[in-house]
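Shown next: model.pdb, containing PDB, C-alpha atoms.
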```
ATOM      1  CA  MET A 143     109.515 136.252  99.763
ATOM      2  CA  LEU A 144     109.895 134.806 103.259
ATOM      3  CA  ILE A 145     113.681 134.682 102.898
ATOM      4  CA  LEU A 146     113.703 138.388 102.029
ATOM      5  CA  THR A 147     111.324 139.428 104.812
ATOM      6  CA  CYS A 148     113.105 137.233 107.383
ATOM      7  CA  THR A 149     116.408 138.794 106.367
ATOM      8  CA  GLY A 150     114.889 142.249 106.818
ATOM      9  CA  VAL A 151     113.588 141.381 110.287
ATOM     10  CA  SER A 152     117.012 139.959 111.236
ATOM     11  CA  PHE A 153     118.707 143.165 110.093
ATOM     12  CA  ALA A 154     116.215 145.309 112.006
ATOM     13  CA  HIS A 155     116.528 143.032 115.043
ATOM     14  CA  GLY A 156     120.308 143.473 115.066
ATOM     15  CA  SER A 157     120.094 147.232 114.644
ATOM     16  CA  ASN A 158     117.652 147.482 117.553
ATOM     17  CA  ASP A 159     118.642 144.816 120.086
ATOM     18  CA  GLY A 160     122.353 145.142 119.336
ATOM     19  CA  GLN A 161     122.360 148.631 120.849
ATOM     20  CA  LYS A 162     121.530 147.272 124.304
ATOM     21  CA  GLY A 163     124.363 144.758 124.354
ATOM     22  CA  ILE A 164     126.847 147.254 122.940
ATOM     23  CA  GLY A 165     125.753 149.914 125.442
ATOM     24  CA  LEU A 166     126.164 147.589 128.413
ATOM     25  CA  ILE A 167     129.583 146.390 127.265
ATOM     26  CA  MET A 168     130.809 149.956 126.694
ATOM     27  CA  LEU A 169     129.571 151.036 130.140
ATOM     28  CA  ILE A 170     131.515 148.181 131.715
ATOM     29  CA  LEU A 171     134.651 148.919 129.679
ATOM     30  CA  VAL A 172     134.562 152.634 130.500
ATOM     31  CA  GLY A 173     133.995 151.806 134.175
ATOM     32  CA  ILE A 174     136.780 149.256 134.667
ATOM     33  CA  LEU A 175     139.257 150.378 131.983
ATOM     34  CA  PRO A 176     138.859 154.166 131.666
ATOM     35  CA  GLY A 177     142.445 154.526 130.492
ATOM     36  CA  LEU A 178     141.614 152.607 127.314
ATOM     37  CA  TYR A 179     137.932 153.238 126.671
ATOM     38  CA  ALA A 180     136.996 156.579 128.263
ATOM     39  CA  LEU A 181     138.102 158.338 125.076
ATOM     40  CA  ASN A 182     138.440 157.420 121.427
ATOM     41  CA  LEU A 183     142.206 156.971 121.293
ATOM     42  CA  ASN A 184     142.047 156.425 117.529
ATOM     43  CA  LEU A 185     140.949 160.020 116.941
ATOM     44  CA  THR A 186     143.371 161.717 114.557
ATOM     45  CA  SER A 187     145.525 164.666 115.566
ATOM     46  CA  GLU A 188     143.708 166.753 112.947
ATOM     47  CA  SER A 189     140.343 165.995 114.584
ATOM     48  CA  ILE A 190     141.759 166.902 117.989
ATOM     49  CA  SER A 191     143.076 170.185 116.604
ATOM     50  CA  GLN A 192     139.673 171.002 115.112
ATOM     51  CA  LEU A 193     138.008 170.220 118.443
ATOM     52  CA  THR A 194     140.452 172.463 120.299
ATOM     53  CA  PHE A 195     139.925 175.263 117.777
ATOM     54  CA  SER A 196     136.108 175.157 118.038
ATOM     55  CA  ALA A 197     136.316 175.061 121.857
ATOM     56  CA  GLN A 198     138.601 178.105 121.888
ATOM     57  CA  THR A 199     136.294 179.887 119.438
ATOM     58  CA  ILE A 200     133.330 179.378 121.778
ATOM     59  CA  VAL A 201     135.420 180.628 124.724
ATOM     60  CA  ASN A 202     136.365 183.754 122.753
ATOM     61  CA  GLN A 203     132.756 184.396 121.780
ATOM     62  CA  LEU A 204     131.531 183.978 125.361
ATOM     63  CA  GLU A 205     134.217 186.367 126.589
ATOM     64  CA  GLN A 206     133.243 188.892 123.912
ATOM     65  CA  ILE A 207     129.598 188.610 124.922
ATOM     66  CA  GLU A 208     130.577 189.434 128.503
ATOM     67  CA  GLN A 209     132.770 192.365 127.492
ATOM     68  CA  ASP A 210     130.061 193.845 125.285
ATOM     69  CA  HIS A 211     127.389 193.210 127.946
ATOM     70  CA  LEU A 212     125.327 191.239 125.446
ATOM     71  CA  TYR A 213     124.298 188.680 128.038
ATOM     72  CA  GLU A 214     123.912 188.939 131.786
ATOM     73  CA  ILE A 215     126.654 186.641 133.067
ATOM     74  CA  ASN A 216     129.422 187.084 135.605
ATOM     75  CA  TYR A 217     132.733 185.326 135.685
ATOM     76  CA  LEU A 218     133.258 182.676 138.327
ATOM     77  CA  PRO A 219     135.467 183.870 141.191
ATOM     78  CA  VAL A 220     138.914 182.289 141.149
ATOM     79  CA  ASP A 221     140.297 181.811 144.641
ATOM     80  CA  ASN A 222     143.942 182.098 143.616
ATOM     81  CA  SER A 223     143.560 178.738 141.903
ATOM     82  CA  GLN A 224     142.282 177.596 138.513
ATOM     83  CA  ILE A 225     141.278 174.317 140.185
ATOM     84  CA  ALA A 226     138.768 176.143 142.386
ATOM     85  CA  ALA A 227     137.154 177.752 139.328
ATOM     86  CA  ASN A 228     137.071 174.406 137.520
ATOM     87  CA  GLU A 229     135.385 172.649 140.440
ATOM     88  CA  GLN A 230     132.849 175.444 140.768
ATOM     89  CA  ALA A 231     132.157 175.205 137.041
ATOM     90  CA  THR A 232     131.557 171.463 137.402
ATOM     91  CA  ASN A 233     129.052 172.063 140.198
ATOM     92  CA  GLU A 234     127.227 174.752 138.243
ATOM     93  CA  LEU A 235     126.873 172.718 135.036
ATOM     94  CA  SER A 236     125.837 169.644 137.023
ATOM     95  CA  ARG A 237     123.133 171.764 138.690
ATOM     96  CA  PHE A 238     121.972 173.168 135.354
ATOM     97  CA  LEU A 239     121.620 169.700 133.821
ATOM     98  CA  LYS A 240     119.056 168.630 136.411
ATOM     99  CA  THR A 241     115.625 168.266 134.861
ATOM    100  CA  SER A 242     113.928 171.180 136.642
ATOM    101  CA  ALA A 243     116.957 173.518 136.747
ATOM    102  CA  ASP A 244     117.175 176.691 134.693
ATOM    103  CA  ILE A 245     120.053 178.867 133.551
ATOM    104  CA  SER A 246     121.685 181.100 136.155
ATOM    105  CA  GLU A 247     123.928 184.146 135.903
ATOM    106  CA  ILE A 248     127.050 181.980 136.001
ATOM    107  CA  THR A 249     126.007 179.068 133.751
ATOM    108  CA  LEU A 250     127.639 180.441 130.616
ATOM    109  CA  THR A 251     130.719 181.407 132.585
ATOM    110  CA  ALA A 252     130.968 177.851 133.889
ATOM    111  CA  LEU A 253     130.664 176.641 130.319
ATOM    112  CA  ALA A 254     133.525 178.935 129.291
ATOM    113  CA  VAL A 255     135.697 177.634 132.140
ATOM    114  CA  LYS A 256     135.110 174.042 131.064
ATOM    115  CA  GLU A 257     135.790 174.826 127.408
ATOM    116  CA  ARG A 258     139.029 176.538 128.395
ATOM    117  CA  LYS A 259     139.953 173.518 130.499
ATOM    118  CA  ILE A 260     139.710 171.044 127.624
ATOM    119  CA  THR A 261     141.675 173.353 125.307
ATOM    120  CA  GLU A 262     144.458 173.470 127.889
ATOM    121  CA  MET A 263     144.357 169.703 128.328
ATOM    122  CA  LEU A 264     144.487 168.960 124.592
ATOM    123  CA  ALA A 265     146.876 171.722 123.546
ATOM    124  CA  GLY A 266     150.091 170.173 122.254
ATOM    125  CA  ALA A 267     149.242 166.713 123.583
ATOM    126  CA  SER A 268     147.807 163.525 122.152
ATOM    127  CA  LEU A 269     145.093 161.501 123.840
ATOM    128  CA  THR A 270     147.539 158.672 124.458
ATOM    129  CA  GLY A 271     149.776 161.129 126.300
ATOM    130  CA  LEU A 272     147.104 161.821 128.913
ATOM    131  CA  SER A 273     147.145 159.893 132.185
ATOM    132  CA  THR A 274     144.202 157.690 133.190
ATOM    133  CA  PRO A 275     142.791 160.293 135.651
ATOM    134  CA  GLN A 276     143.124 162.979 132.960
ATOM    135  CA  ARG A 277     141.241 160.848 130.445
ATOM    136  CA  ALA A 278     138.458 160.222 132.937
ATOM    137  CA  GLN A 279     138.281 163.943 133.763
ATOM    138  CA  LEU A 280     138.252 164.888 130.073
ATOM    139  CA  ARG A 281     135.378 162.498 129.401
ATOM    140  CA  SER A 282     133.419 163.996 132.298
ATOM    141  CA  ASP A 283     134.063 167.541 131.044
ATOM    142  CA  VAL A 284     133.055 166.598 127.502
ATOM    143  CA  TYR A 285     129.748 165.205 128.819
ATOM    144  CA  LEU A 286     129.045 168.372 130.831
ATOM    145  CA  ILE A 287     129.842 170.671 127.901
ATOM    146  CA  SER A 288     127.908 168.689 125.292
ATOM    147  CA  SER A 289     124.848 168.234 127.516
ATOM    148  CA  THR A 290     124.872 171.906 128.528
ATOM    149  CA  LEU A 291     125.023 173.079 124.909
ATOM    150  CA  GLU A 292     122.222 170.677 123.991
ATOM    151  CA  LYS A 293     119.981 171.884 126.838
ATOM    152  CA  LEU A 294     120.687 175.561 126.127
ATOM    153  CA  ASP A 295     119.758 174.988 122.494
ATOM    154  CA  ARG A 296     116.595 173.081 123.450
ATOM    155  CA  LEU A 297     115.511 175.858 125.833
ATOM    156  CA  HIS A 298     116.394 178.539 123.240
ATOM    157  CA  GLN A 299     118.786 180.126 125.731
ATOM    158  CA  LEU A 300     121.940 180.166 123.630
ATOM    159  CA  PRO A 301     123.151 183.761 123.280
ATOM    160  CA  ILE A 302     122.306 185.238 119.889
ATOM    161  CA  ALA A 303     125.911 186.341 119.476
ATOM    162  CA  LEU A 304     127.106 182.743 119.805
ATOM    163  CA  ASP A 305     127.629 181.155 116.381
ATOM    164  CA  THR A 306     125.116 178.283 116.196
ATOM    165  CA  ASP A 307     127.041 176.569 113.392
ATOM    166  CA  ILE A 308     130.158 176.496 115.563
ATOM    167  CA  VAL A 309     128.112 175.121 118.451
ATOM    168  CA  GLN A 310     126.644 172.297 116.361
ATOM    169  CA  THR A 311     130.035 171.450 114.871
ATOM    170  CA  HIS A 312     131.567 171.464 118.328
ATOM    171  CA  ARG A 313     128.920 169.101 119.686
ATOM    172  CA  CYS A 314     129.607 166.655 116.844
ATOM    173  CA  GLN A 315     133.336 166.841 117.560
ATOM    174  CA  LEU A 316     132.741 166.192 121.251
ATOM    175  CA  ALA A 317     130.564 163.192 120.376
ATOM    176  CA  SER A 318     133.339 161.712 118.218
ATOM    177  CA  LEU A 319     135.665 161.932 121.215
ATOM    178  CA  THR A 320     133.527 159.834 123.558
ATOM    179  CA  GLN A 321     130.778 158.120 121.547
ATOM    180  CA  PHE A 322     132.681 155.354 119.799
ATOM    181  CA  ILE A 323     132.422 151.570 119.605
ATOM    182  CA  PRO A 324     135.435 149.311 118.993
ATOM    183  CA  ILE A 325     134.869 146.947 116.077
ATOM    184  CA  TRP A 326     135.455 143.890 118.269
ATOM    185  CA  VAL A 327     132.512 144.903 120.478
ATOM    186  CA  LYS A 328     130.213 145.080 117.436
ATOM    187  CA  VAL A 329     131.402 141.685 116.212
ATOM    188  CA  ALA A 330     131.021 140.095 119.661
ATOM    189  CA  VAL A 331     127.463 141.389 120.079
ATOM    190  CA  ALA A 332     126.508 140.307 116.542
ATOM    191  CA  ILE A 333     127.831 136.790 117.211
ATOM    192  CA  ALA A 334     126.028 136.667 120.579
ATOM    193  CA  LEU A 335     122.724 137.697 118.972
ATOM    194  CA  GLY A 336     123.180 135.137 116.211
ATOM    195  CA  ILE A 337     124.001 132.284 118.582
ATOM    196  CA  GLY A 338     121.198 133.291 120.935
ATOM    197  CA  THR A 339     118.697 133.228 118.078
ATOM    198  CA  MET A 340     119.973 129.857 116.856
ATOM    199  CA  VAL A 341     119.707 128.332 120.341
ATOM    200  CA  GLY A 342     116.511 129.935 121.642
ATOM    201  CA  TRP A 343     114.431 130.362 118.504
ATOM    202  CA  LYS A 344     111.930 127.565 119.076
ATOM    203  CA  ARG A 345     110.006 128.995 122.021
ATOM    204  CA  ILE A 346     109.472 132.355 120.306
ATOM    205  CA  VAL A 347     108.608 130.830 116.940
ATOM    206  CA  VAL A 348     106.039 128.463 118.462
ATOM    207  CA  THR A 349     104.432 131.283 120.466
ATOM    208  CA  VAL A 350     104.312 133.739 117.567
ATOM    209  CA  GLY A 351     103.400 131.223 114.881
ATOM    210  CA  GLU A 352     100.962 128.953 116.707
ATOM    211  CA  ARG A 353      99.708 130.491 119.941
ATOM    212  CA  ILE A 354      98.617 134.010 118.975
ATOM    213  CA  GLY A 355      95.972 132.991 116.452
ATOM    214  CA  LYS A 356      93.540 130.091 116.575
ATOM    215  CA  GLU A 357      95.044 128.814 113.321
ATOM    216  CA  HIS A 358      98.678 128.336 112.345
ATOM    217  CA  LEU A 359     100.382 131.253 110.639
ATOM    218  CA  THR A 360     100.337 131.061 106.839
ATOM    219  CA  TYR A 361     103.236 132.087 104.606
ATOM    220  CA  ALA A 362     101.428 135.214 103.428
ATOM    221  CA  GLN A 363     100.570 136.241 106.996
ATOM    222  CA  GLY A 364     104.158 135.658 108.076
ATOM    223  CA  ALA A 365     105.538 137.778 105.234
ATOM    224  CA  SER A 366     103.050 140.574 105.977
ATOM    225  CA  ALA A 367     103.846 140.576 109.707
ATOM    226  CA  GLU A 368     107.583 140.566 108.979
ATOM    227  CA  LEU A 369     107.290 143.497 106.557
ATOM    228  CA  VAL A 370     105.439 145.489 109.221
ATOM    229  CA  ALA A 371     107.937 144.487 111.929
ATOM    230  CA  MET A 372     110.927 145.328 109.740
ATOM    231  CA  GLY A 373     109.540 148.746 108.776
ATOM    232  CA  THR A 374     108.456 149.619 112.320
ATOM    233  CA  ILE A 375     111.744 148.635 113.978
ATOM    234  CA  ILE A 376     113.936 150.401 111.393
ATOM    235  CA  ALA A 377     111.777 153.534 111.685
ATOM    236  CA  ALA A 378     112.102 153.392 115.477
ATOM    237  CA  ASP A 379     115.880 153.039 115.152
ATOM    238  CA  GLN A 380     116.086 156.072 112.908
ATOM    239  CA  LEU A 381     113.986 158.125 115.330
ATOM    240  CA  GLY A 382     115.846 156.846 118.397
ATOM    241  CA  LEU A 383     112.748 155.226 119.924
ATOM    242  CA  PRO A 384     113.092 152.110 122.138
ATOM    243  CA  VAL A 385     110.927 149.194 121.011
ATOM    244  CA  SER A 386     110.783 145.451 121.597
ATOM    245  CA  THR A 387     111.372 143.367 118.476
ATOM    246  CA  THR A 388     109.285 140.479 119.809
ATOM    247  CA  HIS A 389     106.399 142.753 120.801
ATOM    248  CA  VAL A 390     106.373 144.467 117.406
ATOM    249  CA  LEU A 391     106.388 141.156 115.542
ATOM    250  CA  SER A 392     103.721 139.676 117.845
ATOM    251  CA  SER A 393     101.459 142.660 117.202
ATOM    252  CA  GLY A 394     101.946 142.293 113.451
ATOM    253  CA  VAL A 395     101.002 138.615 113.612
ATOM    254  CA  ALA A 396      97.903 139.430 115.708
ATOM    255  CA  GLY A 397      96.891 141.950 113.054
ATOM    256  CA  THR A 398      97.174 139.384 110.248
ATOM    257  CA  MET A 399      95.138 136.883 112.265
ATOM    258  CA  THR A 400      92.386 139.450 112.796
ATOM    259  CA  ALA A 401      92.374 140.493 109.128
ATOM    260  CA  ASN A 402      92.239 136.856 107.994
ATOM    261  CA  GLY A 403      89.360 136.068 110.350
ATOM    262  CA  SER A 404      91.414 133.344 112.031
ATOM    263  CA  GLY A 405      90.654 134.636 115.514
ATOM    264  CA  LEU A 406      92.999 135.241 118.441
ATOM    265  CA  GLN A 407      93.874 133.080 121.415
ATOM    266  CA  ILE A 408      92.815 135.444 124.183
ATOM    267  CA  THR A 409      94.979 133.782 126.828
ATOM    268  CA  THR A 410      98.203 134.344 124.869
ATOM    269  CA  VAL A 411      97.258 137.898 123.902
ATOM    270  CA  ARG A 412      96.349 138.687 127.517
ATOM    271  CA  ASN A 413      99.679 137.351 128.764
ATOM    272  CA  ILE A 414     101.567 139.434 126.201
ATOM    273  CA  LEU A 415      99.611 142.566 127.161
ATOM    274  CA  LEU A 416     100.238 141.938 130.854
ATOM    275  CA  ALA A 417     103.956 141.566 130.158
ATOM    276  CA  TRP A 418     103.952 144.927 128.341
ATOM    277  CA  ILE A 419     102.048 146.675 131.133
ATOM    278  CA  LEU A 420     103.810 145.121 134.124
ATOM    279  CA  THR A 421     107.423 145.225 132.890
ATOM    280  CA  LEU A 422     107.969 148.921 133.616
ATOM    281  CA  PRO A 423     106.457 149.177 137.140
ATOM    282  CA  VAL A 424     107.903 145.827 138.238
ATOM    283  CA  CYS A 425     111.407 146.763 137.044
ATOM    284  CA  ILE A 426     111.087 150.170 138.732
ATOM    285  CA  GLY A 427     110.137 148.437 141.977
ATOM    286  CA  LEU A 428     112.927 145.886 141.721
ATOM    287  CA  GLY A 429     115.465 148.578 140.884
ATOM    288  CA  GLY A 430     114.362 150.710 143.828
ATOM    289  CA  ALA A 431     114.393 147.742 146.196
ATOM    290  CA  THR A 432     117.859 146.675 145.042
ATOM    291  CA  PHE A 433     119.238 150.187 145.453
ATOM    292  CA  ALA A 434     117.653 150.546 148.901
ATOM    293  CA  ALA A 435     119.097 147.193 149.953
ATOM    294  CA  GLY A 436     122.523 148.291 148.744
ATOM    295  CA  LEU A 437     122.296 151.528 150.721
ATOM    296  CA  ALA A 438     121.224 149.587 153.821
ATOM    297  CA  VAL A 439     124.265 147.317 153.491
ATOM    298  CA  VAL A 440     126.556 150.339 153.059
ATOM    299  CA  HIS A 441     125.115 152.006 156.163
ATOM    300  CA  LEU A 442     125.273 148.754 158.104
ATOM    301  CA  LEU A 443     128.950 148.304 157.287
ATOM    302  CA  GLY A 444     129.694 151.961 158.009
ATOM    303  CA  PHE A 445     131.022 152.817 154.523
ATOM    304  CA  GLU A 446     129.284 156.205 154.267
TER     305      GLU A 446
END
```
Represent the structure contained in this file as structure tokens.
Amino acid sequence: MLILTCTGVSFAHGSNDGQKGIGLIMLILVGILPGLYALNLNLTSESISQLTFSAQTIVNQLEQIEQDHLYEINYLPVDNSQIAANEQATNELSRFLKTSADISEITLTALAVKERKITEMLAGASLTGLSTPQRAQLRSDVYLISSTLEKLDRLHQLPIALDTDIVQTHRCQLASLTQFIPIWVKVAVAIALGIGTMVGWKRIVVTVGERIGKEHLTYAQGASAELVAMGTIIAADQLGLPVSTTHVLSSGVAGTMTANGSGLQITTVRNILLAWILTLPVCIGLGGATFAAGLAVVHLLGFE
């Protein structure tokens, strides 16, 4: 029973904690090697064609909405240059994506400009044929378009005449273009988690098994706590909720100790609670202080 429940906790632990390592590695790769990792270069030509088709369909529908006066939007002014319109579209969508911002009369037009831009960039070309600056620009445009469509849908401000099925399909296609993980990154993170657990297991096991309750953890209590931890972490993964594997397991153990009448070691429980409460404000303070120090150094050196 313990082998099964421990295996379940290990699986849940990997599915939860592995995301953090993978996310950090992908951020670094996209930042320092955008030519290779800004876009999913393994995307098939058929998938690219489908993405281009759905983008053009949305452009056509937005243009039809404007022509039929079904939605109050105005086209962005083009100062004798498509680049000017594209830059203005970037500014408008960036403004719209701010938390407190709302749709303006040119938001949908900016969206149409960006959709048209990616169709032009992908038309008749493969992702490998794009230069590094083009790949970085395409990734930025994909983020703006996908986030704008998501926010419009959330605020119920998508035009009625815009096909919602096309919009959802298009968002999935955009995600496949940028939200990918090379297999070697998954393997590396899995190995790192495994080695880390093998090396640093003792401190956590002693704390969880011996220092939460006044009595040592029994096999039945361990299996119960692991079942709860496994179910909670997997449910959180499915719902996209961030949780701490150690905190979830510690809480499960505390529950079994209480139910068994073993009693809790208040000092350990208090320290765990303080860690939960203080982590967020302390990290916010440290992050703010680090950023402020960085800005001070930049100003001091004159690199403004």
- Rank A:Gln321, A:Thr311, A:Ser393, A:Ser366 by their smallest atom-to-atom distance to A:Gln192, using all atoms listed in the file, and report the top residue only.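 For A:Gln192, the nearest of the given residues is A:Thr311.
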Once the PyMOL selection byres ((chain A and resi 170-187) around 12) has been evaluated on this model, what residues remain selected, and can you format them as a PDB file with C-alpha atoms, in the frame of the given file?
```pdb
ATOM      1  CA  GLY A 163     124.363 144.758 124.354  1.00  0.00           C
ATOM      2  CA  ILE A 164     126.847 147.254 122.940  1.00  0.00           C
ATOM      3  CA  GLY A 165     125.753 149.914 125.442  1.00  0.00           C
ATOM      4  CA  LEU A 166     126.164 147.589 128.413  1.00  0.00           C
ATOM      5  CA  ILE A 167     129.583 146.390 127.265  1.00  0.00           C
ATOM      6  CA  MET A 168     130.809 149.956 126.694  1.00  0.00           C
ATOM      7  CA  LEU A 169     129.571 151.036 130.140  1.00  0.00           C
ATOM      8  CA  GLU A 188     143.708 166.753 112.947  1.00  0.00           C
ATOM      9  CA  SER A 189     140.343 165.995 114.584  1.00  0.00           C
ATOM     10  CA  ILE A 190     141.759 166.902 117.989  1.00  0.00           C
ATOM     11  CA  SER A 191     143.076 170.185 116.604  1.00  0.00           C
ATOM     12  CA  GLN A 192     139.673 171.002 115.112  1.00  0.00           C
ATOM     13  CA  LEU A 193     138.008 170.220 118.443  1.00  0.00           C
ATOM     14  CA  THR A 194     140.452 172.463 120.299  1.00  0.00           C
ATOM     15  CA  LEU A 264     144.487 168.960 124.592  1.00  0.00           C
ATOM     16  CA  ALA A 265     146.876 171.722 123.546  1.00  0.00           C
ATOM     17  CA  GLY A 266     150.091 170.173 122.254  1.00  0.00           C
ATOM     18  CA  ALA A 267     149.242 166.713 123.583  1.00  0.00           C
ATOM     19  CA  SER A 268     147.807 163.525 122.152  1.00  0.00           C
ATOM     20  CA  LEU A 269     145.093 161.501 123.840  1.00  0.00           C
ATOM     21  CA  THR A 270     147.539 158.672 124.458  1.00  0.00           C
ATOM     22  CA  GLY A 271     149.776 161.129 126.300  1.00  0.00           C
ATOM     23  CA  LEU A 272     147.104 161.821 128.913  1.00  0.00           C
ATOM     24  CA  SER A 273     147.145 159.893 132.185  1.00  0.00           C
ATOM     25  CA  THR A 274     144.202 157.690 133.190  1.00  0.00           C
ATOM     26  CA  PRO A 275     142.791 160.293 135.651  1.00  0.00           C
ATOM     27  CA  GLN A 276     143.124 162.979 132.960  1.00  0.00           C
ATOM     28  CA  ARG A 277     141.241 160.848 130.445  1.00  0.00           C
ATOM     29  CA  ALA A 278     138.458 160.222 132.937  1.00  0.00           C
ATOM     30  CA  GLN A 279     138.281 163.943 133.763  1.00  0.00           C
ATOM     31  CA  LEU A 280     138.252 164.888 130.073  1.00  0.00           C
ATOM     32  CA  ARG A 281     135.378 162.498 129.401  1.00  0.00           C
ATOM     33  CA  SER A 282     133.419 163.996 132.298  1.00  0.00           C
ATOM     34  CA  ASP A 283     134.063 167.541 131.044  1.00  0.00           C
ATOM     35  CA  VAL A 284     133.055 166.598 127.502  1.00  0.00           C
ATOM     36  CA  TYR A 285     129.748 165.205 128.819  1.00  0.00           C
ATOM     37  CA  GLN A 315     133.336 166.841 117.560  1.00  0.00           C
ATOM     38  CA  LEU A 316     132.741 166.192 121.251  1.00  0.00           C
ATOM     39  CA  ALA A 317     130.564 163.192 120.376  1.00  0.00           C
ATOM     40  CA  SER A 318     133.339 161.712 118.218  1.00  0.00           C
ATOM     41  CA  LEU A 319     135.665 161.932 121.215  1.00  0.00           C
ATOM     42  CA  THR A 320     133.527 159.834 123.558  1.00  0.00           C
ATOM     43  CA  GLN A 321     130.778 158.120 121.547  1.00  0.00           C
ATOM     44  CA  PHE A 322     132.681 155.354 119.799  1.00  0.00           C
ATOM     45  CA  ILE A 323     132.422 151.570 119.605  1.00  0.00           C
ATOM     46  CA  PRO A 324     135.435 149.311 118.993  1.00  0.00           C
ATOM     47  CA  ILE A 325     134.869 146.947 116.077  1.00  0.00           C
ATOM     48  CA  VAL A 327     132.512 144.903 120.478  1.00  0.00           C
TER      49      VAL A 327
END
```
- Fewer than 6 positions away in the same chain doesn't count, so skip those; otherwise give me all residues within 9 Å of A:Val370, counting all atoms listed in the file, as an MDAnalysis selection string. chainID A and resid 390:391 394
- Note on the structure: For A:Thr410, the closest of A:Asn202, A:Thr398, A:Thr432, A:Thr349 counting all atoms listed in the file is A:Thr349
- Task: Between atom CA of A:Pro301 and atom CA of A:Asn233, measure the distance and give it in Å to one decimal.
- Result: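 Separation between atom CA of A:Pro301 and atom CA of A:Asn233: 21.4 Å.
Proximity of A:Gln363, A:Thr387, A:Thr290, A:Ser236 to A:Met143, computed with all atoms listed in the file, is greatest for A:Gln363.
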- Item | Reference answer for the PyMOL selection byres ((chain A and resi 418) around 12), as a PyMOL selection string | chain A and resi 385-386+388-390+392-393+411-417+419-425
- Message: When the PyMOL selection byres ((chain A and resi 295) around 12) is applied to the structure above, which residues does it catch, written out as an MDAnalysis selection string?
- Response: chainID A and resid 245 288:294 296:302 304:307 309:310 313
Save the residues we just selected, C-alpha atoms, as an mmCIF file, in the frame of the given file?
```cif
data_model
loop_
_atom_site.group_PDB
_atom_site.id
_atom_site.type_symbol
_atom_site.label_atom_id
_atom_site.label_comp_id
_atom_site.auth_asym_id
_atom_site.auth_seq_id
_atom_site.Cartn_x
_atom_site.Cartn_y
_atom_site.Cartn_z
ATOM 1 C CA ILE A 245 120.053 178.867 133.551
ATOM 2 C CA SER A 288 127.908 168.689 125.292
ATOM 3 C CA SER A 289 124.848 168.234 127.516
ATOM 4 C CA THR A 290 124.872 171.906 128.528
ATOM 5 C CA LEU A 291 125.023 173.079 124.909
ATOM 6 C CA GLU A 292 122.222 170.677 123.991
ATOM 7 C CA LYS A 293 119.981 171.884 126.838
ATOM 8 C CA LEU A 294 120.687 175.561 126.127
ATOM 9 C CA ARG A 296 116.595 173.081 123.450
ATOM 10 C CA LEU A 297 115.511 175.858 125.833
ATOM 11 C CA HIS A 298 116.394 178.539 123.240
ATOM 12 C CA GLN A 299 118.786 180.126 125.731
ATOM 13 C CA LEU A 300 121.940 180.166 123.630
ATOM 14 C CA PRO A 301 123.151 183.761 123.280
ATOM 15 C CA ILE A 302 122.306 185.238 119.889
ATOM 16 C CA LEU A 304 127.106 182.743 119.805
ATOM 17 C CA ASP A 305 127.629 181.155 116.381
ATOM 18 C CA THR A 306 125.116 178.283 116.196
ATOM 19 C CA ASP A 307 127.041 176.569 113.392
ATOM 20 C CA VAL A 309 128.112 175.121 118.451
ATOM 21 C CA GLN A 310 126.644 172.297 116.361
ATOM 22 C CA ARG A 313 128.920 169.101 119.686
#
```
- Message: I'd like the interatomic distance between atom CA of A:Gly405 and atom CA of A:Leu369, to a tenth of an Å.
- Response: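 The value is 20.9 Å.
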- Message: Which residues are near A:Leu250? Cut-off 12 Å, all atoms listed in the file, ignore same chain within fewer than 2 positions. Put them as JSON, numbers by chain.
- Response: {"A": [200, 201, 203, 204, 205, 207, 208, 213, 214, 215, 216, 217, 218, 231, 232, 234, 235, 238, 244, 245, 246, 247, 248, 252, 253, 254, 255, 256, 257, 287, 290, 291, 294, 299, 300, 301, 304]}
- Message: If we count all atoms listed in the file and set the cut-off at 10 Å, which residues sit around stretch 148-156 of chain A, ignoring sequence neighbours fewer than 2 positions away in its own chain? Please answer as a PyMOL selection string.
- Response: chain A and resi 143-146+158-161+331-332+335-336+339+364-365+367-379+386-388+391
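Considering only C-alpha atoms, the residue among A:Val329, A:Leu239, A:Ala197, A:Ala401 positioned nearest to A:His312 is A:Ala197.
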- Message: Ranking A:Phe195, A:Phe433, A:Pro384, A:Val440 by minimum distance to A:Arg258 and counting all atoms listed in the file, which one comes first?
- Response: A:Phe195
- For atom CA of A:Thr199 and atom CA of A:Glu229, determine how far apart the two atoms are, in Å to one decimal place.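 Here the two named atoms are 22.2 Å from each other.
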To box stretch 276-288 of chain A, take all atoms listed in the file, fit an axis-aligned box, add 3 Å on each side, and give centre and edge lengths in Å to one decimal, as lines of an AutoDock Vina configuration file.
```
center_x = 135.5
center_y = 165.4
center_z = 129.5
size_x = 21.2
size_y = 16.4
size_z = 14.5
```
